[in-house]
$ cat structure_38.cif   # mmCIF, N, CA and C atoms
data_structure
#
loop_
_atom_site.label_atom_id
_atom_site.label_comp_id
_atom_site.auth_asym_id
_atom_site.auth_seq_id
_atom_site.Cartn_x
_atom_site.Cartn_y
_atom_site.Cartn_z
N MET A 1 -24.39 9.17 -0.03
CA MET A 1 -23.41 8.36 0.68
C MET A 1 -22.16 8.18 -0.19
N ARG A 2 -21.02 8.23 0.41
CA ARG A 2 -19.75 8.13 -0.33
C ARG A 2 -19.55 6.70 -0.83
N ASN A 3 -18.91 6.59 -2.00
CA ASN A 3 -18.60 5.30 -2.57
C ASN A 3 -17.17 4.93 -2.16
N LEU A 4 -17.05 4.08 -1.17
CA LEU A 4 -15.73 3.69 -0.66
C LEU A 4 -14.91 2.92 -1.68
N ASN A 5 -15.59 2.29 -2.64
CA ASN A 5 -14.88 1.50 -3.64
C ASN A 5 -14.07 2.34 -4.61
N GLU A 6 -14.31 3.63 -4.64
CA GLU A 6 -13.58 4.52 -5.55
C GLU A 6 -12.51 5.33 -4.81
N SER A 7 -12.28 5.03 -3.55
CA SER A 7 -11.36 5.81 -2.73
C SER A 7 -10.14 5.01 -2.32
N VAL A 8 -9.09 5.75 -1.98
CA VAL A 8 -7.86 5.17 -1.43
C VAL A 8 -7.64 5.85 -0.09
N PHE A 9 -7.22 5.08 0.90
CA PHE A 9 -7.11 5.57 2.27
C PHE A 9 -5.71 5.35 2.81
N ARG A 10 -5.36 6.19 3.78
CA ARG A 10 -4.11 6.03 4.52
C ARG A 10 -4.31 6.63 5.91
N ARG A 11 -3.37 6.35 6.78
CA ARG A 11 -3.40 6.95 8.12
C ARG A 11 -3.28 8.47 7.97
N SER A 12 -3.95 9.18 8.84
CA SER A 12 -3.80 10.63 8.86
C SER A 12 -2.41 10.97 9.37
N PRO A 13 -1.72 11.89 8.69
CA PRO A 13 -0.37 12.25 9.14
C PRO A 13 -0.34 12.97 10.49
N ILE A 14 -1.48 13.49 10.96
CA ILE A 14 -1.49 14.16 12.26
C ILE A 14 -1.81 13.22 13.42
N ALA A 15 -2.18 11.99 13.11
CA ALA A 15 -2.52 11.02 14.15
C ALA A 15 -1.26 10.50 14.82
N LEU A 16 -1.23 10.60 16.14
CA LEU A 16 -0.16 10.02 16.94
C LEU A 16 -0.66 8.68 17.45
N TYR A 17 0.19 7.68 17.46
CA TYR A 17 -0.27 6.37 17.91
C TYR A 17 0.81 5.61 18.65
N ARG A 18 0.34 4.69 19.45
CA ARG A 18 1.23 3.80 20.18
C ARG A 18 0.54 2.45 20.29
N ARG A 19 1.29 1.40 20.03
CA ARG A 19 0.76 0.04 20.19
C ARG A 19 0.94 -0.36 21.65
N VAL A 20 -0.15 -0.83 22.25
CA VAL A 20 -0.14 -1.30 23.63
C VAL A 20 -0.80 -2.68 23.62
N GLY A 21 0.01 -3.70 23.74
CA GLY A 21 -0.51 -5.06 23.63
C GLY A 21 -1.03 -5.28 22.22
N GLY A 22 -2.27 -5.72 22.10
CA GLY A 22 -2.89 -5.95 20.80
C GLY A 22 -3.68 -4.77 20.28
N GLU A 23 -3.64 -3.65 21.01
CA GLU A 23 -4.43 -2.49 20.62
C GLU A 23 -3.53 -1.34 20.18
N VAL A 24 -4.14 -0.41 19.47
CA VAL A 24 -3.47 0.83 19.10
C VAL A 24 -4.22 1.97 19.77
N ILE A 25 -3.47 2.84 20.44
CA ILE A 25 -4.03 4.04 21.07
C ILE A 25 -3.71 5.21 20.14
N LEU A 26 -4.75 5.99 19.79
CA LEU A 26 -4.62 7.11 18.86
C LEU A 26 -4.92 8.43 19.55
N ALA A 27 -4.15 9.45 19.21
CA ALA A 27 -4.37 10.80 19.76
C ALA A 27 -3.91 11.80 18.70
N THR A 28 -4.31 13.04 18.88
CA THR A 28 -3.83 14.12 18.01
C THR A 28 -3.40 15.29 18.89
N PRO A 29 -2.42 16.05 18.44
CA PRO A 29 -1.99 17.22 19.20
C PRO A 29 -3.16 18.18 19.42
N GLY A 30 -3.25 18.72 20.62
CA GLY A 30 -4.29 19.68 20.93
C GLY A 30 -5.64 19.09 21.28
N ARG A 31 -5.75 17.79 21.25
CA ARG A 31 -7.01 17.12 21.60
C ARG A 31 -6.78 16.33 22.88
N GLU A 32 -7.65 16.52 23.86
CA GLU A 32 -7.45 15.85 25.15
C GLU A 32 -7.89 14.40 25.15
N ASP A 33 -8.82 14.03 24.27
CA ASP A 33 -9.30 12.65 24.27
C ASP A 33 -8.46 11.80 23.33
N PHE A 34 -8.66 10.50 23.41
CA PHE A 34 -7.95 9.56 22.56
C PHE A 34 -8.88 8.41 22.25
N ASP A 35 -8.49 7.58 21.30
CA ASP A 35 -9.25 6.40 20.94
C ASP A 35 -8.37 5.17 21.08
N SER A 36 -8.99 4.07 21.41
CA SER A 36 -8.31 2.79 21.49
C SER A 36 -8.94 1.88 20.45
N LEU A 37 -8.12 1.33 19.56
CA LEU A 37 -8.62 0.43 18.53
C LEU A 37 -8.51 -1.02 18.98
N SER A 38 -9.52 -1.81 18.70
CA SER A 38 -9.49 -3.24 18.98
C SER A 38 -8.37 -3.89 18.17
N SER A 39 -8.11 -5.14 18.44
CA SER A 39 -7.02 -5.82 17.72
C SER A 39 -7.29 -5.88 16.22
N THR A 40 -8.53 -6.10 15.81
CA THR A 40 -8.86 -6.14 14.39
C THR A 40 -8.73 -4.76 13.76
N ALA A 41 -9.25 -3.74 14.42
CA ALA A 41 -9.11 -2.38 13.91
C ALA A 41 -7.64 -1.97 13.90
N SER A 42 -6.87 -2.44 14.88
CA SER A 42 -5.45 -2.16 14.92
C SER A 42 -4.73 -2.78 13.72
N ALA A 43 -5.16 -3.97 13.32
CA ALA A 43 -4.58 -4.62 12.14
C ALA A 43 -4.85 -3.78 10.90
N ALA A 44 -6.07 -3.25 10.78
CA ALA A 44 -6.39 -2.37 9.65
C ALA A 44 -5.52 -1.13 9.69
N TRP A 45 -5.34 -0.55 10.88
CA TRP A 45 -4.49 0.64 11.05
C TRP A 45 -3.07 0.34 10.55
N GLU A 46 -2.53 -0.80 10.92
CA GLU A 46 -1.18 -1.18 10.50
C GLU A 46 -1.11 -1.32 8.98
N ILE A 47 -2.11 -1.92 8.38
CA ILE A 47 -2.13 -2.10 6.93
C ILE A 47 -2.17 -0.76 6.21
N LEU A 48 -2.83 0.22 6.81
CA LEU A 48 -2.96 1.53 6.18
C LEU A 48 -1.73 2.41 6.38
N ASP A 49 -0.58 1.80 6.70
CA ASP A 49 0.66 2.57 6.77
C ASP A 49 1.05 3.06 5.38
N SER A 50 0.50 2.44 4.35
CA SER A 50 0.63 2.94 2.98
C SER A 50 -0.77 2.95 2.37
N PRO A 51 -1.01 3.82 1.40
CA PRO A 51 -2.36 3.95 0.84
C PRO A 51 -2.90 2.64 0.28
N LYS A 52 -4.14 2.36 0.62
CA LYS A 52 -4.83 1.16 0.15
C LYS A 52 -6.27 1.52 -0.21
N ASP A 53 -6.81 0.84 -1.21
CA ASP A 53 -8.24 0.98 -1.45
C ASP A 53 -8.97 -0.05 -0.59
N LEU A 54 -10.28 0.03 -0.58
CA LEU A 54 -11.07 -0.85 0.28
C LEU A 54 -10.83 -2.32 -0.06
N ASP A 55 -10.76 -2.63 -1.34
CA ASP A 55 -10.55 -4.01 -1.77
C ASP A 55 -9.23 -4.56 -1.24
N GLU A 56 -8.16 -3.78 -1.34
CA GLU A 56 -6.85 -4.21 -0.84
C GLU A 56 -6.89 -4.42 0.67
N LEU A 57 -7.53 -3.50 1.38
CA LEU A 57 -7.63 -3.60 2.83
C LEU A 57 -8.40 -4.86 3.23
N VAL A 58 -9.51 -5.10 2.57
CA VAL A 58 -10.33 -6.29 2.86
C VAL A 58 -9.52 -7.56 2.59
N LYS A 59 -8.84 -7.62 1.46
CA LYS A 59 -8.06 -8.82 1.12
C LYS A 59 -6.95 -9.09 2.14
N GLU A 60 -6.25 -8.04 2.55
CA GLU A 60 -5.16 -8.23 3.52
C GLU A 60 -5.69 -8.66 4.88
N LEU A 61 -6.80 -8.07 5.31
CA LEU A 61 -7.38 -8.48 6.59
C LEU A 61 -7.93 -9.90 6.51
N ALA A 62 -8.58 -10.25 5.42
CA ALA A 62 -9.11 -11.61 5.24
C ALA A 62 -7.98 -12.63 5.30
N LEU A 63 -6.87 -12.32 4.65
CA LEU A 63 -5.72 -13.21 4.67
C LEU A 63 -5.16 -13.35 6.09
N ALA A 64 -5.03 -12.23 6.78
CA ALA A 64 -4.47 -12.23 8.13
C ALA A 64 -5.32 -13.02 9.11
N TYR A 65 -6.65 -13.01 8.92
CA TYR A 65 -7.55 -13.66 9.86
C TYR A 65 -8.15 -14.96 9.32
N GLY A 66 -7.71 -15.42 8.15
CA GLY A 66 -8.21 -16.67 7.60
C GLY A 66 -9.69 -16.61 7.26
N MET A 67 -10.13 -15.48 6.74
CA MET A 67 -11.55 -15.28 6.41
C MET A 67 -11.69 -15.15 4.89
N GLN A 68 -12.93 -15.28 4.43
CA GLN A 68 -13.24 -14.99 3.03
C GLN A 68 -13.52 -13.50 2.91
N PRO A 69 -12.93 -12.82 1.92
CA PRO A 69 -13.14 -11.38 1.79
C PRO A 69 -14.61 -10.96 1.78
N HIS A 70 -15.46 -11.71 1.08
CA HIS A 70 -16.88 -11.32 1.02
C HIS A 70 -17.56 -11.35 2.38
N SER A 71 -17.02 -12.12 3.31
CA SER A 71 -17.66 -12.24 4.62
C SER A 71 -17.30 -11.08 5.56
N ILE A 72 -16.29 -10.28 5.21
CA ILE A 72 -15.89 -9.18 6.10
C ILE A 72 -16.00 -7.80 5.46
N VAL A 73 -16.34 -7.74 4.19
CA VAL A 73 -16.31 -6.45 3.49
C VAL A 73 -17.20 -5.41 4.14
N SER A 74 -18.40 -5.77 4.60
CA SER A 74 -19.28 -4.76 5.20
C SER A 74 -18.73 -4.28 6.54
N ASP A 75 -18.12 -5.17 7.32
CA ASP A 75 -17.52 -4.76 8.59
C ASP A 75 -16.31 -3.84 8.36
N VAL A 76 -15.51 -4.16 7.36
CA VAL A 76 -14.34 -3.32 7.05
C VAL A 76 -14.79 -1.96 6.53
N ALA A 77 -15.82 -1.94 5.70
CA ALA A 77 -16.35 -0.66 5.20
C ALA A 77 -16.86 0.20 6.36
N SER A 78 -17.54 -0.41 7.32
CA SER A 78 -18.01 0.33 8.50
C SER A 78 -16.84 0.88 9.31
N LEU A 79 -15.81 0.08 9.46
CA LEU A 79 -14.61 0.52 10.18
C LEU A 79 -13.97 1.71 9.47
N VAL A 80 -13.82 1.62 8.15
CA VAL A 80 -13.22 2.71 7.38
C VAL A 80 -14.04 3.99 7.56
N LEU A 81 -15.35 3.89 7.46
CA LEU A 81 -16.20 5.07 7.65
C LEU A 81 -16.02 5.67 9.04
N ASP A 82 -15.93 4.82 10.05
CA ASP A 82 -15.74 5.30 11.42
C ASP A 82 -14.39 5.98 11.59
N LEU A 83 -13.34 5.37 11.06
CA LEU A 83 -12.00 5.97 11.16
C LEU A 83 -11.92 7.29 10.39
N LEU A 84 -12.61 7.37 9.26
CA LEU A 84 -12.68 8.63 8.51
C LEU A 84 -13.38 9.70 9.33
N ARG A 85 -14.52 9.34 9.90
CA ARG A 85 -15.31 10.29 10.69
C ARG A 85 -14.52 10.82 11.87
N ARG A 86 -13.73 9.97 12.48
CA ARG A 86 -12.93 10.38 13.64
C ARG A 86 -11.64 11.10 13.26
N GLY A 87 -11.30 11.09 11.97
CA GLY A 87 -10.10 11.78 11.51
C GLY A 87 -8.82 10.98 11.63
N TRP A 88 -8.91 9.69 11.90
CA TRP A 88 -7.71 8.86 12.06
C TRP A 88 -7.12 8.43 10.72
N ILE A 89 -7.98 8.32 9.70
CA ILE A 89 -7.49 8.05 8.35
C ILE A 89 -8.06 9.12 7.43
N GLU A 90 -7.51 9.18 6.21
CA GLU A 90 -7.97 10.17 5.24
C GLU A 90 -7.98 9.55 3.85
N GLU A 91 -8.79 10.15 2.98
CA GLU A 91 -8.77 9.75 1.58
C GLU A 91 -7.60 10.45 0.91
N VAL A 92 -6.98 9.75 -0.02
CA VAL A 92 -5.88 10.33 -0.79
C VAL A 92 -6.18 10.20 -2.27
N GLU A 93 -5.45 10.92 -3.04
CA GLU A 93 -5.62 10.90 -4.49
C GLU A 93 -5.34 9.50 -5.03
N ASN A 94 -6.24 8.98 -5.85
CA ASN A 94 -6.03 7.69 -6.49
C ASN A 94 -5.38 7.95 -7.84
N ASN A 95 -4.13 7.56 -7.98
CA ASN A 95 -3.37 7.84 -9.20
C ASN A 95 -3.39 6.67 -10.18
N ASP A 96 -4.30 5.72 -10.00
CA ASP A 96 -4.37 4.56 -10.90
C ASP A 96 -4.98 4.90 -12.24
N SER A 97 -5.75 6.00 -12.34
CA SER A 97 -6.45 6.28 -13.59
C SER A 97 -5.59 6.99 -14.59
#

$ encode --input "structure_38.cif" --output "structure tokens"
Amino acid sequence: MRNLNESVFRRSPIALYRRVGGEVILATPGREDFDSLSSTASAAWEILDSPKDLDELVKELALAYGMQPHSIVSDVASLVLDLLRRGWIEEVENNDS
């Protein structure tokens, strides 16, 4: 299993999106289907407009929703894995080292 704590993520550059109300609709060229993100997943999508590691993403979402980071980390990790699997986000080089 991949260690999300050692990765940095960003939106996939091939993902096309549009905000509709509180949701984000995602599509890619050449693919007939699309995905709709819930308002919470949409918030994560917006935060990932620049590369973030899991800890940064969790902290920003916790702040936005008035939650404690430890109470949402597993849900955010699951969301990141799902978005990776679907190709909506990607891992990028971590240049902190």

$ atom_distance --input "structure_38.cif" --atom1 "CA of Leu4 in chain A" --atom2 "CA of Leu84 in chain A"
10.9 Å

$ resolve_selection --input "structure_38.cif" --expression "the PyMOL selection byres ((chain A and resi 86-92) around 7)" --output "list of chain:residue names"
A:Ser7, A:Val8, A:Phe9, A:Arg10, A:Arg11, A:Ser12, A:Pro13, A:Ala15, A:Leu81, A:Asp82, A:Leu83, A:Leu84, A:Arg85, A:Glu93, A:Asn94, A:Asn95

$ select_by_dssp --input "structure_38.cif" --residues "chain A" --states "strand (DSSP E or B)" --output "list of chain:residue names"
A:Val8, A:Phe9, A:Arg10, A:Arg11, A:Leu16, A:Tyr17, A:Arg18, A:Arg19, A:Val20, A:Glu23, A:Val24, A:Ile25, A:Leu26, A:Ala27, A:Asp35, A:Ser36, A:Leu37, A:Lys52, A:Asp53, A:Ile89, A:Glu90, A:Glu91, A:Val92

$ resolve_selection --input "structure_38.cif" --expression "the PyMOL selection byres (((chain A and resi 16 and name CA) around 7) and name CA)" --output "list of chain:residue names"
A:Ile14, A:Ala15, A:Tyr17, A:Leu26, A:Ala27, A:Thr28

$ residues_near_point --input "structure_38.cif" --point "(-5.7, 0.3, 22.3)" --cutoff "5 Å" --atoms "all atoms listed in the file" --output "ChimeraX atom specification"
/A:23-25,36-37

$ atom_distance --input "structure_38.cif" --atom1 "atom C of Pro51 in chain A" --atom2 "atom C of Gly21 in chain A"
23.4 Å

$ residues_around --input "structure_38.cif" --residues "Val76 in chain A" --least-positions-apart "4" --cutoff "8 Å" --atoms "only C-alpha atoms" --output "ChimeraX atom specification"
/A:54,57-58,72,80

$ atom_distance --input "structure_38.cif" --atom1 "atom C of Glu6 in chain A" --atom2 "atom N of Pro29 in chain A"
27.5 Å

$ select_by_dssp --input "structure_38.cif" --residues "chain A" --states "alpha helix (DSSP H)" --output "MDAnalysis selection string"
chainID A and resid 39:47 54:65 69:86

$ closest_residue --input "structure_38.cif" --among "A:Met67, A:Ala62, A:Leu79, A:Val73" --to "Ala41 in chain A" --atoms "all atoms listed in the file"
A:Leu79

$ build_atoms --input "structure_38.cif" --residues "range 47-73 of chain A" --atoms "N, CA, C and O atoms" --output "PDB file, in the coordinates of the input"
ATOM      1  N   ILE A  47      -2.110  -1.920   8.380  1.00  0.00           N
ATOM      2  CA  ILE A  47      -2.130  -2.100   6.930  1.00  0.00           C
ATOM      3  C   ILE A  47      -2.170  -0.760   6.210  1.00  0.00           C
ATOM      4  O   ILE A  47      -1.575  -0.592   5.141  1.00  0.00           O
ATOM      5  N   LEU A  48      -2.830   0.220   6.810  1.00  0.00           N
ATOM      6  CA  LEU A  48      -2.960   1.530   6.180  1.00  0.00           C
ATOM      7  C   LEU A  48      -1.730   2.410   6.380  1.00  0.00           C
ATOM      8  O   LEU A  48      -1.793   3.621   6.198  1.00  0.00           O
ATOM      9  N   ASP A  49      -0.580   1.800   6.700  1.00  0.00           N
ATOM     10  CA  ASP A  49       0.660   2.570   6.770  1.00  0.00           C
ATOM     11  C   ASP A  49       1.050   3.060   5.380  1.00  0.00           C
ATOM     12  O   ASP A  49       1.838   3.995   5.234  1.00  0.00           O
ATOM     13  N   SER A  50       0.500   2.440   4.350  1.00  0.00           N
ATOM     14  CA  SER A  50       0.630   2.940   2.980  1.00  0.00           C
ATOM     15  C   SER A  50      -0.770   2.950   2.370  1.00  0.00           C
ATOM     16  O   SER A  50      -1.639   2.195   2.803  1.00  0.00           O
ATOM     17  N   PRO A  51      -1.010   3.820   1.400  1.00  0.00           N
ATOM     18  CA  PRO A  51      -2.360   3.950   0.840  1.00  0.00           C
ATOM     19  C   PRO A  51      -2.900   2.640   0.280  1.00  0.00           C
ATOM     20  O   PRO A  51      -2.190   1.900  -0.405  1.00  0.00           O
ATOM     21  N   LYS A  52      -4.140   2.360   0.620  1.00  0.00           N
ATOM     22  CA  LYS A  52      -4.830   1.160   0.150  1.00  0.00           C
ATOM     23  C   LYS A  52      -6.270   1.520  -0.210  1.00  0.00           C
ATOM     24  O   LYS A  52      -6.887   2.355   0.453  1.00  0.00           O
ATOM     25  N   ASP A  53      -6.810   0.840  -1.210  1.00  0.00           N
ATOM     26  CA  ASP A  53      -8.240   0.980  -1.450  1.00  0.00           C
ATOM     27  C   ASP A  53      -8.970  -0.050  -0.590  1.00  0.00           C
ATOM     28  O   ASP A  53      -8.346  -0.899   0.059  1.00  0.00           O
ATOM     29  N   LEU A  54     -10.280   0.030  -0.580  1.00  0.00           N
ATOM     30  CA  LEU A  54     -11.070  -0.850   0.280  1.00  0.00           C
ATOM     31  C   LEU A  54     -10.830  -2.320  -0.060  1.00  0.00           C
ATOM     32  O   LEU A  54     -10.669  -3.157   0.830  1.00  0.00           O
ATOM     33  N   ASP A  55     -10.760  -2.630  -1.340  1.00  0.00           N
ATOM     34  CA  ASP A  55     -10.550  -4.010  -1.770  1.00  0.00           C
ATOM     35  C   ASP A  55      -9.230  -4.560  -1.240  1.00  0.00           C
ATOM     36  O   ASP A  55      -9.165  -5.687  -0.743  1.00  0.00           O
ATOM     37  N   GLU A  56      -8.160  -3.780  -1.340  1.00  0.00           N
ATOM     38  CA  GLU A  56      -6.850  -4.210  -0.840  1.00  0.00           C
ATOM     39  C   GLU A  56      -6.890  -4.420   0.670  1.00  0.00           C
ATOM     40  O   GLU A  56      -6.343  -5.399   1.183  1.00  0.00           O
ATOM     41  N   LEU A  57      -7.530  -3.500   1.380  1.00  0.00           N
ATOM     42  CA  LEU A  57      -7.630  -3.600   2.830  1.00  0.00           C
ATOM     43  C   LEU A  57      -8.400  -4.860   3.230  1.00  0.00           C
ATOM     44  O   LEU A  57      -7.966  -5.619   4.103  1.00  0.00           O
ATOM     45  N   VAL A  58      -9.510  -5.100   2.570  1.00  0.00           N
ATOM     46  CA  VAL A  58     -10.330  -6.290   2.860  1.00  0.00           C
ATOM     47  C   VAL A  58      -9.520  -7.560   2.590  1.00  0.00           C
ATOM     48  O   VAL A  58      -9.500  -8.486   3.416  1.00  0.00           O
ATOM     49  N   LYS A  59      -8.840  -7.620   1.460  1.00  0.00           N
ATOM     50  CA  LYS A  59      -8.060  -8.820   1.120  1.00  0.00           C
ATOM     51  C   LYS A  59      -6.950  -9.090   2.140  1.00  0.00           C
ATOM     52  O   LYS A  59      -6.742 -10.226   2.545  1.00  0.00           O
ATOM     53  N   GLU A  60      -6.250  -8.040   2.550  1.00  0.00           N
ATOM     54  CA  GLU A  60      -5.160  -8.230   3.520  1.00  0.00           C
ATOM     55  C   GLU A  60      -5.690  -8.660   4.880  1.00  0.00           C
ATOM     56  O   GLU A  60      -5.097  -9.525   5.539  1.00  0.00           O
ATOM     57  N   LEU A  61      -6.800  -8.070   5.310  1.00  0.00           N
ATOM     58  CA  LEU A  61      -7.380  -8.480   6.590  1.00  0.00           C
ATOM     59  C   LEU A  61      -7.930  -9.900   6.510  1.00  0.00           C
ATOM     60  O   LEU A  61      -7.771 -10.687   7.458  1.00  0.00           O
ATOM     61  N   ALA A  62      -8.580 -10.250   5.420  1.00  0.00           N
ATOM     62  CA  ALA A  62      -9.110 -11.610   5.240  1.00  0.00           C
ATOM     63  C   ALA A  62      -7.980 -12.630   5.300  1.00  0.00           C
ATOM     64  O   ALA A  62      -8.104 -13.670   5.959  1.00  0.00           O
ATOM     65  N   LEU A  63      -6.870 -12.320   4.650  1.00  0.00           N
ATOM     66  CA  LEU A  63      -5.720 -13.210   4.670  1.00  0.00           C
ATOM     67  C   LEU A  63      -5.160 -13.350   6.090  1.00  0.00           C
ATOM     68  O   LEU A  63      -4.884 -14.449   6.563  1.00  0.00           O
ATOM     69  N   ALA A  64      -5.030 -12.230   6.780  1.00  0.00           N
ATOM     70  CA  ALA A  64      -4.470 -12.230   8.130  1.00  0.00           C
ATOM     71  C   ALA A  64      -5.320 -13.020   9.110  1.00  0.00           C
ATOM     72  O   ALA A  64      -4.803 -13.648  10.038  1.00  0.00           O
ATOM     73  N   TYR A  65      -6.650 -13.010   8.920  1.00  0.00           N
ATOM     74  CA  TYR A  65      -7.550 -13.660   9.860  1.00  0.00           C
ATOM     75  C   TYR A  65      -8.150 -14.960   9.320  1.00  0.00           C
ATOM     76  O   TYR A  65      -9.021 -15.549   9.961  1.00  0.00           O
ATOM     77  N   GLY A  66      -7.710 -15.420   8.150  1.00  0.00           N
ATOM     78  CA  GLY A  66      -8.210 -16.670   7.600  1.00  0.00           C
ATOM     79  C   GLY A  66      -9.690 -16.610   7.260  1.00  0.00           C
ATOM     80  O   GLY A  66     -10.404 -17.598   7.458  1.00  0.00           O
ATOM     81  N   MET A  67     -10.130 -15.480   6.740  1.00  0.00           N
ATOM     82  CA  MET A  67     -11.550 -15.280   6.410  1.00  0.00           C
ATOM     83  C   MET A  67     -11.690 -15.150   4.890  1.00  0.00           C
ATOM     84  O   MET A  67     -10.719 -14.902   4.188  1.00  0.00           O
ATOM     85  N   GLN A  68     -12.930 -15.280   4.430  1.00  0.00           N
ATOM     86  CA  GLN A  68     -13.240 -14.990   3.030  1.00  0.00           C
ATOM     87  C   GLN A  68     -13.520 -13.500   2.910  1.00  0.00           C
ATOM     88  O   GLN A  68     -14.263 -12.950   3.736  1.00  0.00           O
ATOM     89  N   PRO A  69     -12.930 -12.820   1.920  1.00  0.00           N
ATOM     90  CA  PRO A  69     -13.140 -11.380   1.790  1.00  0.00           C
ATOM     91  C   PRO A  69     -14.610 -10.960   1.780  1.00  0.00           C
ATOM     92  O   PRO A  69     -14.973  -9.982   2.438  1.00  0.00           O
ATOM     93  N   HIS A  70     -15.460 -11.710   1.080  1.00  0.00           N
ATOM     94  CA  HIS A  70     -16.880 -11.320   1.020  1.00  0.00           C
ATOM     95  C   HIS A  70     -17.560 -11.350   2.380  1.00  0.00           C
ATOM     96  O   HIS A  70     -18.541 -10.664   2.602  1.00  0.00           O
ATOM     97  N   SER A  71     -17.020 -12.120   3.310  1.00  0.00           N
ATOM     98  CA  SER A  71     -17.660 -12.240   4.620  1.00  0.00           C
ATOM     99  C   SER A  71     -17.300 -11.080   5.560  1.00  0.00           C
ATOM    100  O   SER A  71     -17.952 -10.902   6.595  1.00  0.00           O
ATOM    101  N   ILE A  72     -16.290 -10.280   5.210  1.00  0.00           N
ATOM    102  CA  ILE A  72     -15.890  -9.180   6.100  1.00  0.00           C
ATOM    103  C   ILE A  72     -16.000  -7.800   5.460  1.00  0.00           C
ATOM    104  O   ILE A  72     -15.774  -6.805   6.138  1.00  0.00           O
ATOM    105  N   VAL A  73     -16.340  -7.740   4.190  1.00  0.00           N
ATOM    106  CA  VAL A  73     -16.310  -6.450   3.490  1.00  0.00           C
ATOM    107  C   VAL A  73     -17.200  -5.410   4.140  1.00  0.00           C
ATOM    108  O   VAL A  73     -16.808  -4.245   4.263  1.00  0.00           O
TER     109      VAL A  73
END
